[in-house]
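Q: One file: protein-v3.txt (compact mmCIF, C-alpha atoms).
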# COMPACT_ATOMS: atom_id res chain seq x y z
CA MET C 297 -4.36 -19.60 78.54
CA ILE C 298 -6.13 -16.89 80.57
CA ARG C 299 -8.24 -19.51 82.35
CA GLY C 300 -5.06 -21.24 83.45
CA LEU C 301 -4.01 -18.06 85.23
CA TYR C 302 -7.24 -17.93 87.20
CA THR C 303 -7.09 -21.64 88.05
CA ALA C 304 -3.54 -21.36 89.37
CA ALA C 305 -4.49 -18.22 91.31
CA THR C 306 -7.27 -20.09 93.13
CA GLY C 307 -4.70 -22.72 94.08
CA MET C 308 -2.41 -20.06 95.53
CA LYS C 309 -5.25 -18.51 97.55
CA ALA C 310 -6.25 -21.94 98.86
CA GLU C 311 -2.69 -22.74 99.97
CA MET C 312 -2.42 -19.33 101.67
CA ALA C 313 -5.54 -20.17 103.67
CA ARG C 314 -4.18 -23.63 104.55
CA THR C 315 -0.90 -22.06 105.66
CA ASP C 316 -2.77 -19.72 108.02
CA VAL C 317 -4.68 -22.65 109.55
CA ILE C 318 -1.55 -24.76 110.00
CA SER C 319 0.38 -21.82 111.49
CA ASN C 320 -2.38 -21.31 114.05
CA ASN C 321 -2.22 -25.01 114.96
CA VAL C 322 1.55 -24.85 115.46
CA ALA C 323 1.21 -21.70 117.59
CA ASN C 324 -1.25 -23.54 119.87
CA ALA C 325 0.59 -26.85 120.07
CA ASN C 326 1.13 -26.28 123.81
CA THR C 327 -2.26 -24.71 124.56
CA ILE C 328 -4.23 -26.77 127.08
CA GLY C 329 -7.26 -28.44 125.55
CA PHE C 330 -6.72 -26.90 122.10
CA LYS C 331 -8.34 -28.68 119.14
CA LYS C 332 -6.58 -28.40 115.79
CA ASP C 333 -8.24 -26.91 112.71
CA ARG C 334 -8.30 -28.41 109.24
CA ALA C 335 -8.79 -26.47 106.02
CA ILE C 336 -11.40 -28.16 103.82
CA PHE C 337 -11.31 -27.28 100.12
CA LYS C 338 -13.93 -27.66 97.43
CA ALA C 339 -13.50 -27.65 93.66
CA TYR C 340 -15.20 -25.12 91.46
CA PRO C 341 -17.58 -26.68 88.89
CA GLU C 342 -15.82 -28.40 86.02
CA MET C 343 -16.29 -27.29 82.42
CA ASN C 344 -16.90 -29.49 79.41
CA ILE C 345 -14.36 -29.04 76.60
CA HIS C 346 -15.41 -29.34 72.96
CA ARG C 347 -13.56 -29.00 69.65
CA PHE C 348 -14.85 -26.45 67.17
CA PHE C 349 -14.78 -26.75 63.35
CA ASP C 350 -13.53 -30.31 63.60
CA THR C 351 -16.54 -32.48 62.80
CA VAL C 352 -16.52 -36.22 63.39
CA GLU C 353 -18.87 -38.95 62.24
CA ILE C 354 -20.93 -40.74 64.89
CA ALA C 355 -21.66 -44.43 64.16
CA PRO C 356 -23.86 -46.21 63.28
CA HIS C 357 -25.99 -43.58 61.49
CA LYS C 358 -23.10 -41.44 60.33
CA ASN C 359 -24.47 -38.40 62.09
CA ILE C 360 -22.13 -35.45 62.20
CA ASP C 361 -21.03 -34.01 65.56
CA LYS C 362 -19.97 -30.41 64.95
CA ARG C 363 -18.64 -29.97 68.50
CA PRO C 364 -17.02 -33.27 69.55
CA PHE C 365 -16.53 -33.66 73.30
CA ILE C 366 -12.91 -33.81 74.52
CA GLY C 367 -13.17 -34.00 78.30
CA HIS C 368 -13.49 -32.00 81.51
CA LEU C 369 -11.52 -28.95 82.60
CA GLY C 370 -10.99 -28.15 86.26
CA THR C 371 -11.47 -24.51 87.20
CA GLY C 372 -9.71 -24.39 90.56
CA VAL C 373 -10.49 -24.78 94.26
CA PHE C 374 -11.65 -22.61 97.15
CA LEU C 375 -11.73 -22.82 100.95
CA ASP C 376 -15.07 -24.38 101.83
CA GLU C 377 -14.75 -24.47 105.64
CA VAL C 378 -12.35 -24.73 108.55
CA ASN C 379 -13.15 -27.96 110.38
CA VAL C 380 -12.29 -28.62 114.03
CA LYS C 381 -10.70 -31.99 114.74
CA LEU C 382 -12.35 -33.17 117.97
CA SER C 383 -10.09 -36.14 118.76
CA GLN C 384 -8.75 -36.21 122.30
CA GLY C 385 -5.31 -35.00 123.27
CA SER C 386 -3.06 -36.78 125.73
CA ILE C 387 -3.80 -36.50 129.46
CA ARG C 388 -1.07 -35.19 131.74
CA THR C 389 -1.05 -35.45 135.53
CA THR C 390 -0.35 -32.19 137.38
CA GLY C 391 -1.15 -32.89 141.02
CA ASN C 392 -3.22 -29.68 141.23
CA ALA C 393 -6.68 -30.38 142.67
CA PHE C 394 -8.25 -27.66 140.51
CA ASP C 395 -6.93 -29.14 137.24
CA ILE C 396 -9.70 -31.21 135.66
CA SER C 397 -9.82 -33.00 132.31
CA ILE C 398 -12.46 -34.99 130.46
CA SER C 399 -11.75 -38.38 128.96
CA ASP C 400 -14.13 -39.14 126.08
CA LYS C 401 -15.23 -42.76 126.18
CA VAL C 402 -15.24 -44.58 122.84
CA THR C 403 -18.78 -45.21 121.62
CA SER C 404 -20.26 -47.05 118.66
CA GLY C 405 -20.74 -43.75 116.83
CA GLN C 406 -16.99 -43.10 116.70
CA SER C 407 -16.14 -46.13 114.58
CA ASP C 408 -17.03 -44.26 111.39
CA GLY C 409 -14.93 -41.21 112.25
CA ASN C 410 -17.69 -39.24 113.97
CA TYR C 411 -15.86 -38.19 117.12
CA PHE C 412 -17.67 -37.09 120.26
CA CYS C 413 -16.05 -34.32 122.29
CA HIS C 414 -17.28 -33.34 125.75
CA MET C 415 -16.72 -29.84 127.12
CA PHE C 416 -17.12 -27.85 130.29
CA GLU C 417 -19.78 -25.14 130.33
CA VAL C 418 -18.57 -21.69 131.37
CA GLU C 419 -20.23 -18.32 131.85
CA THR C 420 -18.68 -15.35 130.04
CA PRO C 421 -19.73 -11.71 129.48
CA GLN C 422 -20.71 -12.78 125.93
CA GLY C 423 -22.93 -15.59 127.19
CA ILE C 424 -22.55 -19.32 127.71
CA ARG C 425 -19.43 -20.82 126.13
CA TYR C 426 -17.72 -24.21 126.23
CA THR C 427 -14.10 -25.28 126.72
CA ARG C 428 -11.80 -28.29 127.07
CA ASP C 429 -9.32 -26.28 129.14
CA GLY C 430 -9.86 -27.56 132.68
CA SER C 431 -7.05 -25.65 134.41
CA PHE C 432 -9.45 -24.03 136.87
CA THR C 433 -8.89 -22.04 140.03
CA LYS C 434 -10.89 -20.43 142.87
CA ASP C 435 -11.58 -16.70 142.81
CA ALA C 436 -11.72 -14.31 145.77
CA GLU C 437 -15.42 -15.05 146.34
CA GLY C 438 -14.92 -18.80 146.33
CA PHE C 439 -16.30 -19.56 142.86
CA LEU C 440 -14.70 -22.10 140.54
CA VAL C 441 -13.42 -20.12 137.54
CA THR C 442 -11.18 -20.47 134.47
CA LYS C 443 -7.78 -18.81 134.14
CA GLU C 444 -9.50 -15.86 132.47
CA GLY C 445 -11.94 -15.51 135.38
CA TYR C 446 -15.00 -17.01 133.65
CA PHE C 447 -17.37 -18.90 135.95
CA VAL C 448 -17.42 -22.68 135.57
CA ARG C 449 -21.03 -23.77 135.54
CA GLY C 450 -22.61 -26.69 137.31
CA GLU C 451 -25.97 -28.22 136.54
CA ASN C 452 -27.55 -25.63 138.87
CA GLY C 453 -25.46 -22.60 137.91
CA ARG C 454 -22.21 -21.20 139.25
CA ILE C 455 -20.16 -23.43 141.56
CA ASN C 456 -19.18 -21.95 144.92
CA ILE C 457 -16.52 -23.88 146.82
CA ALA C 458 -15.73 -21.34 149.54
CA GLN C 459 -17.17 -23.40 152.42
CA GLY C 460 -14.66 -26.23 152.43
CA THR C 461 -11.01 -27.20 152.18
CA ASP C 462 -10.96 -30.72 150.73
CA PHE C 463 -11.97 -30.31 147.07
CA LYS C 464 -12.71 -33.55 145.22
CA VAL C 465 -14.31 -34.35 141.87
CA SER C 466 -15.72 -37.77 141.03
CA LYS C 467 -15.45 -39.47 137.65
CA ASP C 468 -19.02 -38.50 136.77
CA GLY C 469 -18.32 -34.81 137.51
CA GLU C 470 -19.82 -34.52 141.00
CA ILE C 471 -17.99 -32.06 143.26
CA PHE C 472 -17.42 -32.79 146.95
CA LEU C 473 -16.27 -30.41 149.69
CA ASP C 474 -15.00 -32.17 152.80
CA GLY C 475 -16.81 -35.29 151.62
CA VAL C 476 -20.17 -33.54 151.09
CA PRO C 477 -21.58 -33.28 147.52
CA VAL C 478 -22.21 -29.61 146.61
CA ALA C 479 -22.55 -29.53 142.80
CA ARG C 480 -22.09 -31.41 139.56
CA LEU C 481 -20.14 -30.06 136.61
CA SER C 482 -22.26 -29.13 133.60
CA ILE C 483 -20.77 -31.08 130.69
CA VAL C 484 -22.04 -30.99 127.10
CA ARG C 485 -21.24 -33.00 123.99
CA PHE C 486 -20.28 -31.93 120.48
CA SER C 487 -19.69 -34.26 117.55
CA SER C 488 -17.77 -34.12 114.27
CA GLU C 489 -21.09 -33.70 112.48
CA GLN C 490 -22.23 -30.99 114.93
CA GLN C 491 -19.22 -28.70 114.82
CA PRO C 492 -18.57 -26.14 117.58
CA ILE C 493 -17.69 -22.56 116.64
CA LYS C 494 -14.31 -21.33 117.86
CA HIS C 495 -13.84 -18.09 119.77
CA GLY C 496 -10.92 -16.54 121.59
CA ASP C 497 -9.58 -17.73 124.97
CA ASN C 498 -9.96 -21.39 123.91
CA LEU C 499 -13.76 -21.09 124.02
CA TYR C 500 -16.47 -22.50 121.77
CA SER C 501 -20.13 -21.85 121.09
CA GLY C 502 -22.75 -23.86 119.27
CA GLN C 503 -25.71 -26.14 119.87
CA PRO C 504 -24.35 -29.07 121.89
CA GLN C 505 -26.29 -31.89 123.46
CA ARG C 506 -26.44 -32.51 127.19
CA ALA C 507 -23.92 -35.26 127.93
CA GLN C 508 -24.71 -38.47 129.76
CA ALA C 509 -22.39 -39.55 132.59
CA THR C 510 -21.77 -42.88 130.85
CA GLU C 511 -20.18 -41.11 127.85
CA TYR C 512 -17.22 -39.49 129.62
CA GLU C 513 -14.94 -39.69 132.62
CA VAL C 514 -13.79 -36.70 134.65
CA LEU C 515 -10.17 -36.90 135.82
CA GLN C 516 -9.01 -34.65 138.66
CA GLU C 517 -5.43 -33.38 139.00
CA THR C 518 -4.91 -33.74 135.26
CA ILE C 519 -5.09 -31.56 132.17
CA GLU C 520 -5.62 -32.41 128.51
CA GLU C 521 -2.89 -31.33 126.16
CA SER C 522 -3.46 -30.08 122.63
CA ASN C 523 -4.28 -32.70 119.98
CA VAL C 524 -1.83 -30.98 117.60
CA ASN C 525 1.07 -33.12 116.39
CA ALA C 526 3.80 -30.58 115.68
CA VAL C 527 5.71 -32.92 113.34
CA ILE C 528 2.65 -33.58 111.17
CA GLU C 529 1.82 -29.87 111.08
CA MET C 530 5.33 -28.98 109.92
CA VAL C 531 5.13 -31.61 107.16
CA ASP C 532 1.76 -30.18 106.09
CA LEU C 533 3.24 -26.68 106.16
CA ILE C 534 6.05 -27.70 103.83
CA SER C 535 3.50 -29.37 101.54
CA ALA C 536 1.42 -26.18 101.45
CA PHE C 537 4.49 -24.08 100.57
CA ARG C 538 5.44 -26.44 97.75
CA ALA C 539 1.91 -26.43 96.34
CA TYR C 540 1.90 -22.63 96.51
CA GLU C 541 5.20 -22.47 94.64
CA ALA C 542 3.94 -24.92 91.99
CA ASN C 543 0.92 -22.73 91.29
CA GLN C 544 3.20 -19.70 91.25
CA LYS C 545 5.33 -21.34 88.54
CA VAL C 546 2.20 -22.10 86.52
CA ILE C 547 1.23 -18.42 86.58
CA LYS C 548 4.76 -17.42 85.56
CA ALA C 549 4.71 -19.89 82.66
CA HIS C 550 1.34 -18.59 81.47
CA ASP C 551 2.59 -15.02 81.71
CA GLU C 552 5.60 -15.86 79.55
CA LEU C 553 3.40 -17.62 76.98
CA ILE C 554 1.06 -14.63 76.78
CA GLU C 555 4.02 -12.26 76.41
CA ARG C 556 5.48 -14.35 73.56
CA ALA C 557 2.10 -14.67 71.89
CA VAL C 558 1.55 -10.91 71.95
CA ASN C 559 5.06 -9.96 70.81
CA ASP C 560 5.64 -12.72 68.24
CA ILE C 561 2.19 -12.57 66.65
CA ALA C 562 2.49 -8.79 66.43
CA ARG C 563 5.75 -9.13 64.49
CA ILE C 564 4.20 -11.63 62.10
Mind converting the file's structure to structure tokens?

A:
Amino acid sequence: MIRGLYTAATGMKAEMARTDVISNNVANANTIGFKKDRAIFKAYPEMNIHRFFDTVEIAPHKNIDKRPFIGHLGTGVFLDEVNVKLSQGSIRTTGNAFDISISDKVTSGQSDGNYFCHMFEVETPQGIRYTRDGSFTKDAEGFLVTKEGYFVRGENGRINIAQGTDFKVSKDGEIFLDGVPVARLSIVRFSSEQQPIKHGDNLYSGQPQRAQATEYEVLQETIEESNVNAVIEMVDLISAFRAYEANQKVIKAHDELIERAVNDIARI
């Protein structure tokens, strides 16, 4: 009976963690370029169950098994990792020349569920980070920066666009000022197997690969919306609450059984 309490408690802890992940997804459903998280659970090792003092004969030699095997007993689950879903969100046109999104081209490697996700490279006080949020702007010194003021990096460093008025970006990420090429956006690639690490301000870190221009398409005057489906997240949230309540009822039932066992056996 006591083991049942611990098993149900692990289920409650797991559903609490899943609720936190889903709540964060819902809160960022309208965040530009946000990638949803998924809680991945793993089962604790199972236990073999045997009967004691209940011998059985084993054919054909009539050997006696003093501890006959009954089956397996699950011992609960735990949060193994929080996985980032890298699938692309919908693209929305804004008409702002400094809004830039990346369209991930479908490749042969994505057929088995291994998504490729391309990101912009930005320079922050904490070092190089990566983002899908392409709602950029120009700072007072003429550098291309994020909303937070982080420098957007090109293949040769920071991108200065002060000396020009007509700002254009080609599909391969090359930047033109008044028709003259001045820089190329530095774009990297993550995959489902090579997960990025999330930070604040919609930024990621990790060990990405340098992207090839044939793998993506840069779209100017557009932004990528979050890949969170609010309806699905709310359904998952309800499911997590119900699973939490089910485990809670299991603990309550075990508590009542233990109470009866202690009180009734004591009277006997």

Q: Select from segment 330-351 of chain C every residue with an atom at most 6 Å from any atom of segment 361-374 of chain C, then for each give the shortest pair of atoms and their distance in Å to one decimal, using all atoms listed in the file, rows by chain and rising number, as CSV.

A:
residue,atom,partner,partner_atom,distance
C:Phe337,CA,C:Phe374,CA,5.5
C:Lys338,CA,C:Val373,CA,5.5
C:Ala339,CA,C:Val373,CA,4.2
C:Tyr340,CA,C:Val373,CA,5.5
C:Glu342,CA,C:Gly370,CA,4.8
C:Met343,CA,C:Leu369,CA,5.1
C:Asn344,CA,C:His368,CA,4.7
C:Ile345,CA,C:Gly367,CA,5.4
C:His346,CA,C:Phe365,CA,4.5
C:Arg347,CA,C:Arg363,CA,5.3
C:Phe348,CA,C:Arg363,CA,5.3
C:Thr351,CA,C:Lys362,CA,4.5

Q: Could you tell me which of C:Arg428, C:Arg449, C:His550, C:Lys331 comes closest to Ile519 of chain C if we count all atoms listed in the file?

A: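 Under the stated criterion, the closest residue is C:Arg428.
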
Q: Could you pull the residues within 12 Å of Thr442 of chain C, counting all atoms listed in the file, minus those fewer than 5 positions along the same chain, as a list in words?

A: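 Everything that qualifies: Ile328, Phe394, Asp395, Ile396, Phe416, Glu417, Val418, Glu419, Thr420, Arg425, Tyr426, Thr427, Arg428, Asp429, Gly430, Ser431, Phe432, Thr433, Lys434, Asp435, Phe447, Val448, Arg449, Ile455, Asp497, Asn498 and Leu499 of chain C.
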
Q: Keeping only C-alpha atoms, take the residues you just selected and write them out as a PDB file, in the coordinates of the input.

A:
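Writing the result to again.pdb gives the following:
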ATOM      1  CA  ILE C 328      -4.230 -26.770 127.080  1.00  0.00           C
ATOM      2  CA  PHE C 394      -8.250 -27.660 140.510  1.00  0.00           C
ATOM      3  CA  ASP C 395      -6.930 -29.140 137.240  1.00  0.00           C
ATOM      4  CA  ILE C 396      -9.700 -31.210 135.660  1.00  0.00           C
ATOM      5  CA  PHE C 416     -17.120 -27.850 130.290  1.00  0.00           C
ATOM      6  CA  GLU C 417     -19.780 -25.140 130.330  1.00  0.00           C
ATOM      7  CA  VAL C 418     -18.570 -21.690 131.370  1.00  0.00           C
ATOM      8  CA  GLU C 419     -20.230 -18.320 131.850  1.00  0.00           C
ATOM      9  CA  THR C 420     -18.680 -15.350 130.040  1.00  0.00           C
ATOM     10  CA  ARG C 425     -19.430 -20.820 126.130  1.00  0.00           C
ATOM     11  CA  TYR C 426     -17.720 -24.210 126.230  1.00  0.00           C
ATOM     12  CA  THR C 427     -14.100 -25.280 126.720  1.00  0.00           C
ATOM     13  CA  ARG C 428     -11.800 -28.290 127.070  1.00  0.00           C
ATOM     14  CA  ASP C 429      -9.320 -26.280 129.140  1.00  0.00           C
ATOM     15  CA  GLY C 430      -9.860 -27.560 132.680  1.00  0.00           C
ATOM     16  CA  SER C 431      -7.050 -25.650 134.410  1.00  0.00           C
ATOM     17  CA  PHE C 432      -9.450 -24.030 136.870  1.00  0.00           C
ATOM     18  CA  THR C 433      -8.890 -22.040 140.030  1.00  0.00           C
ATOM     19  CA  LYS C 434     -10.890 -20.430 142.870  1.00  0.00           C
ATOM     20  CA  ASP C 435     -11.580 -16.700 142.810  1.00  0.00           C
ATOM     21  CA  PHE C 447     -17.370 -18.900 135.950  1.00  0.00           C
ATOM     22  CA  VAL C 448     -17.420 -22.680 135.570  1.00  0.00           C
ATOM     23  CA  ARG C 449     -21.030 -23.770 135.540  1.00  0.00           C
ATOM     24  CA  ILE C 455     -20.160 -23.430 141.560  1.00  0.00           C
ATOM     25  CA  ASP C 497      -9.580 -17.730 124.970  1.00  0.00           C
ATOM     26  CA  ASN C 498      -9.960 -21.390 123.910  1.00  0.00           C
ATOM     27  CA  LEU C 499     -13.760 -21.090 124.020  1.00  0.00           C
TER      28      LEU C 499
END

Q: Leu553 of chain C: which residues within 12 Å, counting all atoms listed in the file, same-chain residues fewer than 5 positions away excluded, as a PyMOL selection string?

A: chain C and resi 297-298+300-301+546-548+558-561

Q: Please write the residues from the selection above to a file, keeping C-alpha atoms, as a CSV table (one decimal), in the frame of the given file.

A:
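Output saved as selection_19.csv:
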chain,number,residue,atom,x,y,z
C,297,MET,CA,-4.4,-19.6,78.5
C,298,ILE,CA,-6.1,-16.9,80.6
C,300,GLY,CA,-5.1,-21.2,83.4
C,301,LEU,CA,-4.0,-18.1,85.2
C,546,VAL,CA,2.2,-22.1,86.5
C,547,ILE,CA,1.2,-18.4,86.6
C,548,LYS,CA,4.8,-17.4,85.6
C,558,VAL,CA,1.6,-10.9,72.0
C,559,ASN,CA,5.1,-10.0,70.8
C,560,ASP,CA,5.6,-12.7,68.2
C,561,ILE,CA,2.2,-12.6,66.6

Q: Which residues come within 9 Å of Gln490 of chain C, counting only C-alpha atoms, excluding same-chain residues fewer than 5 positions away, as a list of chain:residue names?

A: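 Counting only C-alpha atoms, the residues come to C:Gly502, C:Gln503, C:Pro504.
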
Q: Between C:Asp333, C:Glu511, C:Glu521, C:Glu470, which is the closest to Thr389 of chain C once you count only C-alpha atoms?

A: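 Residue with the minimum atom-to-atom distance to Thr389 of chain C: C:Glu521.
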
Q: In Å, how far is it from atom CA of Asp376 of chain C to atom CA of Ile336 of chain C?

A: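 The value is 5.6 Å.
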
Q: Calculate how many Å separate atom CA of Lys381 of chain C from atom CA of Glu489 of chain C, rounding to one decimal.

A: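 Going from atom CA of Lys381 of chain C over to atom CA of Glu489 of chain C, I get 10.8 Å.
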
Q: Ranking C:Val484, C:Val476, C:Ile493, C:Ala325 by minimum distance to Gln505 of chain C and counting all atoms listed in the file, which one comes first?

A: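 Looking only at the distances to Gln505 of chain C, the closest residue turns out to be C:Val484.
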
Q: So the first atom is atom CA of Asp316 of chain C and the second is atom CA of Ser383 of chain C; what is the distance between them in Å, to one decimal place?

A: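 Between atom CA of Asp316 of chain C and atom CA of Ser383 of chain C the gap is 20.9 Å.
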
Q: Go through C:Ser488, C:Val524, C:Ala549, C:Ala436 and flag the residue nearest Val322 of chain C, using all atoms listed in the file for the distances.

A: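 Selected residue with least distance to Val322 of chain C: C:Val524.
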